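Peer 1: Before we start, here is the structure in question, set down as structure tokens.
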Amino acid sequence: MRVVLVHGSVANGPATFAALEPLRVRFELVVPNRGGYPPGLPVERIDFEQQAEELTPLLEDGAHLVGHSYGGVIALLIAARHPEAVRSLAVSEPPAFGVARGDEEVERLIAGLQAFFAAGPYEPAEYLRGFLALVGSELRLPEPLPSDLEQGARAAMVERPPWEAEIPLDQLASGPFPKLVVSGAHNAAFDAVCDALEARLGAERAVLPGAGHSIPRAPGYAERLLDFFG
């Protein structure tokens, strides 16, 4: 059975989902690198709408779809538009803040991110320190930055803000596939988004602390996905 894994910002696919490599014994893991991320060429702009279309063919005739962070926004869009090709949908802390607008913590995080982005431009290491602190990532930055991480930072800097995504909640809720939403119990804004998705989609909910926003590195993540896939 095919499993398509869509990574988030900064780190590419293999770096994000390294902890899931043991699943290859049972599943065909498809781990793309989104456009702009290494080892691909840099791009001037990254848009979740465009990348949802680019990645959809990877589902082929049916796959489990897993998205982390920005990749979770992309996975939500793919699943809403192509439910016939989705066997299950699992997202971890997608910054789909539009589904929880009005929540105090969500509004605070959006404002913080907007202010941070507006204060640029930044050098890659400077950007990563500020961005990772805002989203609560546990990623430890090596010094100097290796080339792949530097390119990942530059890619993250040109991504369309994810709170602009219009998530088709009704279409997702009516999709026949099971849904799972995972958070890390470290950030109230991400908790609010995940709670809203759980309620609106009728999704299963998991909380896996221990890795901050880097949910695929959290203890028990691979086991929870195995249980969910059935």
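Following the order of the structure tokens, first chain is A, next is B, and so on, with residues numbered from 1 inside each chain and ligands from 1 in the order they appear.
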List the neighbours of Val4 in chain A out to 10 Å using only C-alpha atoms; skip same-chain residues closer than 4 positions along the sequence, and give me the result as a list of chain:residue names.
Peer 2: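 My reading of the contact set: A:Glu28, A:Leu29, A:Val30, A:Val31, A:Pro32, A:Leu55, A:Thr56, A:Leu58, A:Leu59, A:Gly62, A:Ala63, A:His64, A:Leu65, A:Val66, A:Gly67, A:Ala75, A:Val86, A:Leu89.
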Peer 1: Please produce a file of the residues just selected, as a CSV table (one decimal), in the first residue's frame, where the atoms kept are all heavy atoms.
Peer 2:
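Once written, selection-v3.csv looks like this:
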chain,number,residue,atom,x,y,z
A,28,GLU,N,4.7,1.1,0.7
A,28,GLU,CA,5.5,1.8,-0.3
A,28,GLU,C,5.5,3.3,0.1
A,28,GLU,O,4.5,4.0,-0.1
A,28,GLU,CB,4.9,1.7,-1.7
A,28,GLU,CG,5.7,2.4,-2.8
A,28,GLU,CD,4.9,2.5,-4.1
A,28,GLU,OE1,3.8,1.9,-4.1
A,28,GLU,OE2,5.5,3.1,-5.0
A,29,LEU,N,6.6,3.8,0.7
A,29,LEU,CA,6.7,5.2,1.1
A,29,LEU,C,7.1,6.1,-0.1
A,29,LEU,O,8.1,5.8,-0.7
A,29,LEU,CB,7.6,5.4,2.2
A,29,LEU,CG,7.3,4.7,3.6
A,29,LEU,CD1,8.3,5.1,4.6
A,29,LEU,CD2,5.9,4.9,4.0
A,30,VAL,N,6.3,7.1,-0.4
A,30,VAL,CA,6.6,8.1,-1.4
A,30,VAL,C,6.9,9.4,-0.7
A,30,VAL,O,6.0,10.0,0.0
A,30,VAL,CB,5.5,8.2,-2.4
A,30,VAL,CG1,5.8,9.3,-3.5
A,30,VAL,CG2,5.1,6.9,-3.0
A,31,VAL,N,8.1,9.9,-0.8
A,31,VAL,CA,8.6,11.0,0.0
A,31,VAL,C,9.1,12.1,-0.9
A,31,VAL,O,10.3,12.2,-1.1
A,31,VAL,CB,9.7,10.6,1.1
A,31,VAL,CG1,9.9,11.7,2.1
A,31,VAL,CG2,9.3,9.3,1.8
A,32,PRO,N,8.2,12.9,-1.5
A,32,PRO,CA,8.7,13.9,-2.4
A,32,PRO,C,9.3,15.1,-1.7
A,32,PRO,O,9.1,15.3,-0.5
A,32,PRO,CB,7.4,14.3,-3.1
A,32,PRO,CG,6.3,14.1,-2.1
A,32,PRO,CD,6.7,12.9,-1.3
A,55,LEU,N,1.5,17.7,-6.6
A,55,LEU,CA,1.7,16.4,-5.9
A,55,LEU,C,0.6,15.4,-6.0
A,55,LEU,O,0.7,14.2,-5.7
A,55,LEU,CB,1.9,16.8,-4.4
A,55,LEU,CG,3.2,17.6,-4.1
A,55,LEU,CD1,3.2,17.9,-2.6
A,55,LEU,CD2,4.4,16.8,-4.4
A,56,THR,N,-0.6,15.8,-6.5
A,56,THR,CA,-1.8,14.9,-6.6
A,56,THR,C,-1.5,13.7,-7.3
A,56,THR,O,-1.9,12.6,-6.9
A,56,THR,CB,-3.0,15.7,-7.2
A,56,THR,OG1,-3.4,16.7,-6.2
A,56,THR,CG2,-4.1,14.7,-7.4
A,58,LEU,N,0.9,11.8,-7.4
A,58,LEU,CA,1.6,10.8,-6.6
A,58,LEU,C,0.7,9.8,-5.9
A,58,LEU,O,1.1,8.7,-5.5
A,58,LEU,CB,2.5,11.4,-5.5
A,58,LEU,CG,3.6,12.3,-6.1
A,58,LEU,CD1,4.4,13.0,-4.9
A,58,LEU,CD2,4.6,11.5,-6.9
A,59,LEU,N,-0.6,10.2,-5.8
A,59,LEU,CA,-1.6,9.3,-5.1
A,59,LEU,C,-1.9,8.1,-6.0
A,59,LEU,O,-2.3,7.0,-5.5
A,59,LEU,CB,-2.9,10.0,-4.8
A,59,LEU,CG,-2.8,11.2,-3.8
A,59,LEU,CD1,-4.1,11.9,-3.7
A,59,LEU,CD2,-2.3,10.7,-2.5
A,62,GLY,N,-4.7,5.3,-5.5
A,62,GLY,CA,-5.2,5.3,-4.1
A,62,GLY,C,-4.0,5.2,-3.1
A,62,GLY,O,-3.1,4.4,-3.3
A,63,ALA,N,-3.9,6.1,-2.1
A,63,ALA,CA,-2.8,6.1,-1.2
A,63,ALA,C,-3.3,6.7,0.1
A,63,ALA,O,-4.2,7.5,0.2
A,63,ALA,CB,-1.6,6.9,-1.7
A,64,HIS,N,-2.6,6.3,1.2
A,64,HIS,CA,-2.7,7.1,2.5
A,64,HIS,C,-1.9,8.4,2.3
A,64,HIS,O,-0.8,8.4,1.7
A,64,HIS,CB,-2.1,6.3,3.6
A,64,HIS,CG,-2.7,5.0,3.9
A,64,HIS,ND1,-4.0,4.9,4.4
A,64,HIS,CD2,-2.3,3.7,3.7
A,64,HIS,CE1,-4.3,3.6,4.5
A,64,HIS,NE2,-3.3,2.9,4.1
A,65,LEU,N,-2.5,9.5,2.7
A,65,LEU,CA,-1.9,10.8,2.5
A,65,LEU,C,-1.6,11.4,3.9
A,65,LEU,O,-2.4,11.5,4.7
A,65,LEU,CB,-2.9,11.7,1.8
A,65,LEU,CG,-2.4,13.1,1.5
A,65,LEU,CD1,-1.1,13.2,0.7
A,65,LEU,CD2,-3.5,13.9,0.7
A,66,VAL,N,-0.3,11.8,4.1
A,66,VAL,CA,0.2,12.3,5.4
A,66,VAL,C,0.9,13.6,5.1
A,66,VAL,O,1.7,13.7,4.2
A,66,VAL,CB,1.2,11.3,6.0
A,66,VAL,CG1,1.7,11.9,7.3
A,66,VAL,CG2,0.6,10.0,6.3
A,67,GLY,N,0.4,14.7,5.8
A,67,GLY,CA,1.0,16.0,5.7
A,67,GLY,C,1.5,16.6,7.0
A,67,GLY,O,0.7,16.5,8.0
A,75,ALA,N,-1.9,18.8,2.0
A,75,ALA,CA,-2.6,17.5,2.0
A,75,ALA,C,-4.1,17.7,2.2
A,75,ALA,O,-4.9,17.0,1.6
A,75,ALA,CB,-2.0,16.7,3.2
A,86,VAL,N,-7.8,9.0,-2.1
A,86,VAL,CA,-7.3,9.1,-0.7
A,86,VAL,C,-7.9,7.9,0.1
A,86,VAL,O,-9.1,7.8,0.3
A,86,VAL,CB,-7.6,10.5,0.0
A,86,VAL,CG1,-7.1,10.5,1.4
A,86,VAL,CG2,-7.0,11.6,-0.8
A,89,LEU,N,-6.3,10.2,5.5
A,89,LEU,CA,-5.7,11.5,5.6
A,89,LEU,C,-5.2,11.7,7.0
A,89,LEU,O,-6.0,11.7,8.0
A,89,LEU,CB,-6.6,12.6,5.2
A,89,LEU,CG,-6.1,14.1,5.4
A,89,LEU,CD1,-5.0,14.4,4.5
A,89,LEU,CD2,-7.3,15.1,5.2
Peer 1: Run DSSP on the backbone and grab whatever in range 7-219 of chain A lands in strand (DSSP E); send it over as a list in words.
Peer 2: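 Put together, the selection reads Glu28, Leu29, Val30, Ala63, His64, Leu65, Val66, Gly67, His68, Val86, Arg87, Ser88, Leu89, Ala90, Val91, Ser92, Lys179, Leu180, Val181, Val182, Ser183, Glu204, Arg205, Ala206 and Val207 of chain A.
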Peer 1: Create the file for the chosen residues now, containing N, CA, C and O atoms and written as a compact mmCIF listing (two decimals), in the first residue's frame.
Peer 2:
# COMPACT_ATOMS: atom_id res chain seq x y z
N GLU A 28 4.72 1.14 0.72
CA GLU A 28 5.51 1.85 -0.28
C GLU A 28 5.50 3.33 0.09
O GLU A 28 4.49 4.02 -0.12
N LEU A 29 6.58 3.81 0.67
CA LEU A 29 6.65 5.21 1.09
C LEU A 29 7.09 6.08 -0.09
O LEU A 29 8.12 5.84 -0.70
N VAL A 30 6.29 7.10 -0.37
CA VAL A 30 6.62 8.08 -1.40
C VAL A 30 6.89 9.39 -0.68
O VAL A 30 6.00 9.96 -0.04
N ALA A 63 -3.95 6.10 -2.12
CA ALA A 63 -2.83 6.10 -1.18
C ALA A 63 -3.27 6.72 0.14
O ALA A 63 -4.21 7.51 0.20
N HIS A 64 -2.57 6.34 1.20
CA HIS A 64 -2.68 7.07 2.45
C HIS A 64 -1.92 8.38 2.27
O HIS A 64 -0.80 8.38 1.73
N LEU A 65 -2.49 9.48 2.72
CA LEU A 65 -1.90 10.80 2.53
C LEU A 65 -1.56 11.40 3.88
O LEU A 65 -2.44 11.53 4.75
N VAL A 66 -0.29 11.75 4.08
CA VAL A 66 0.19 12.29 5.36
C VAL A 66 0.86 13.63 5.09
O VAL A 66 1.73 13.73 4.22
N GLY A 67 0.45 14.66 5.83
CA GLY A 67 1.05 15.98 5.65
C GLY A 67 1.45 16.58 6.98
O GLY A 67 0.71 16.51 7.95
N HIS A 68 2.64 17.16 6.99
CA HIS A 68 3.12 17.82 8.20
C HIS A 68 3.25 19.32 7.96
O HIS A 68 3.78 19.75 6.93
N VAL A 86 -7.82 9.03 -2.07
CA VAL A 86 -7.29 9.10 -0.71
C VAL A 86 -7.85 7.95 0.12
O VAL A 86 -9.07 7.84 0.30
N ARG A 87 -6.99 7.09 0.63
CA ARG A 87 -7.42 5.99 1.49
C ARG A 87 -7.54 6.44 2.94
O ARG A 87 -8.36 5.93 3.70
N SER A 88 -6.70 7.37 3.33
CA SER A 88 -6.81 8.01 4.65
C SER A 88 -6.03 9.30 4.60
O SER A 88 -5.16 9.49 3.74
N LEU A 89 -6.35 10.21 5.53
CA LEU A 89 -5.68 11.51 5.60
C LEU A 89 -5.21 11.75 7.03
O LEU A 89 -6.01 11.69 7.97
N ALA A 90 -3.91 11.99 7.19
CA ALA A 90 -3.36 12.32 8.50
C ALA A 90 -2.56 13.61 8.38
O ALA A 90 -1.68 13.71 7.52
N VAL A 91 -2.86 14.59 9.21
CA VAL A 91 -2.12 15.86 9.19
C VAL A 91 -1.63 16.17 10.60
O VAL A 91 -2.32 15.91 11.58
N SER A 92 -0.42 16.73 10.67
CA SER A 92 0.13 17.13 11.96
C SER A 92 0.40 18.62 11.97
O SER A 92 1.14 19.13 11.13
N LYS A 179 -9.89 10.27 8.89
CA LYS A 179 -9.01 11.42 9.09
C LYS A 179 -8.38 11.37 10.47
O LYS A 179 -9.01 10.94 11.43
N LEU A 180 -7.15 11.83 10.55
CA LEU A 180 -6.41 11.90 11.81
C LEU A 180 -5.73 13.25 11.89
O LEU A 180 -5.09 13.69 10.93
N VAL A 181 -5.85 13.91 13.05
CA VAL A 181 -5.20 15.20 13.28
C VAL A 181 -4.31 15.05 14.51
O VAL A 181 -4.75 14.59 15.56
N VAL A 182 -3.04 15.46 14.36
CA VAL A 182 -2.05 15.27 15.41
C VAL A 182 -1.46 16.61 15.83
O VAL A 182 -1.11 17.44 14.99
N SER A 183 -1.35 16.82 17.13
CA SER A 183 -0.67 18.01 17.65
C SER A 183 0.35 17.57 18.70
O SER A 183 0.41 16.40 19.08
N GLU A 204 -10.21 11.60 13.94
CA GLU A 204 -9.52 11.10 15.12
C GLU A 204 -8.49 12.15 15.55
O GLU A 204 -8.01 12.94 14.73
N ARG A 205 -8.16 12.15 16.83
CA ARG A 205 -7.24 13.17 17.35
C ARG A 205 -6.16 12.48 18.17
O ARG A 205 -6.43 11.57 18.96
N ALA A 206 -4.92 12.90 17.97
CA ALA A 206 -3.80 12.38 18.76
C ALA A 206 -2.96 13.56 19.24
O ALA A 206 -2.82 14.56 18.54
N VAL A 207 -2.42 13.43 20.44
CA VAL A 207 -1.51 14.42 21.00
C VAL A 207 -0.21 13.69 21.34
O VAL A 207 -0.21 12.78 22.17
Peer 1: Nearest residue to Gly40 in chain A out of A:Pro94, A:Pro142, A:Pro57, A:Gly152, using only C-alpha atoms?
Peer 2: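 That would be A:Gly152, the residue with the smallest distance to Gly40 in chain A.
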Peer 1: Assign secondary structure with DSSP using the backbone only, and return the residues of range 86-137 of chain A in helix (DSSP H, G or I) as a PyMOL selection string.
Peer 2: chain A and resi 97-100+104-118+124-135
Peer 1: With only C-alpha atoms as the atoms that count, which of A:Glu84, A:Ala165, A:Val158, A:Asp103 lies nearest to Tyr127 in chain A?
Peer 2: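 Looking at the shortest contact to Tyr127 in chain A, the residue is A:Val158.
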Peer 1: So which residues touch Ala19 in chain A within 8 Å, counting only C-alpha atoms, skipping near sequence neighbours fewer than 2 positions away, as a ChimeraX atom specification?
Peer 2: /A:17,21-22,216-217,222
Peer 1: Keeping only C-alpha atoms, write those residues as a PDB file, in the first residue's frame.
Peer 2:
ATOM      1  CA  PHE A  17      10.076  11.846   7.795  1.00  0.00           C
ATOM      2  CA  GLU A  21      11.719   4.686   7.305  1.00  0.00           C
ATOM      3  CA  PRO A  22      10.938   1.434   9.211  1.00  0.00           C
ATOM      4  CA  PRO A 216       7.147  13.398  12.862  1.00  0.00           C
ATOM      5  CA  ARG A 217      10.043  13.168  15.329  1.00  0.00           C
ATOM      6  CA  ALA A 222       5.150   6.053  13.574  1.00  0.00           C
TER       7      ALA A 222
END
Peer 1: Extract, using only C-alpha atoms, all DNA, RNA and protein residues at most 12 Å from range 166-169 of chain A, discarding same-chain residues fewer than 4 positions from it, and format them as an NGL selection string.
Peer 2: :A and (48-49 or 72-83 or 94-101 or 161-162 or 173-175 or 193 or 196-203)
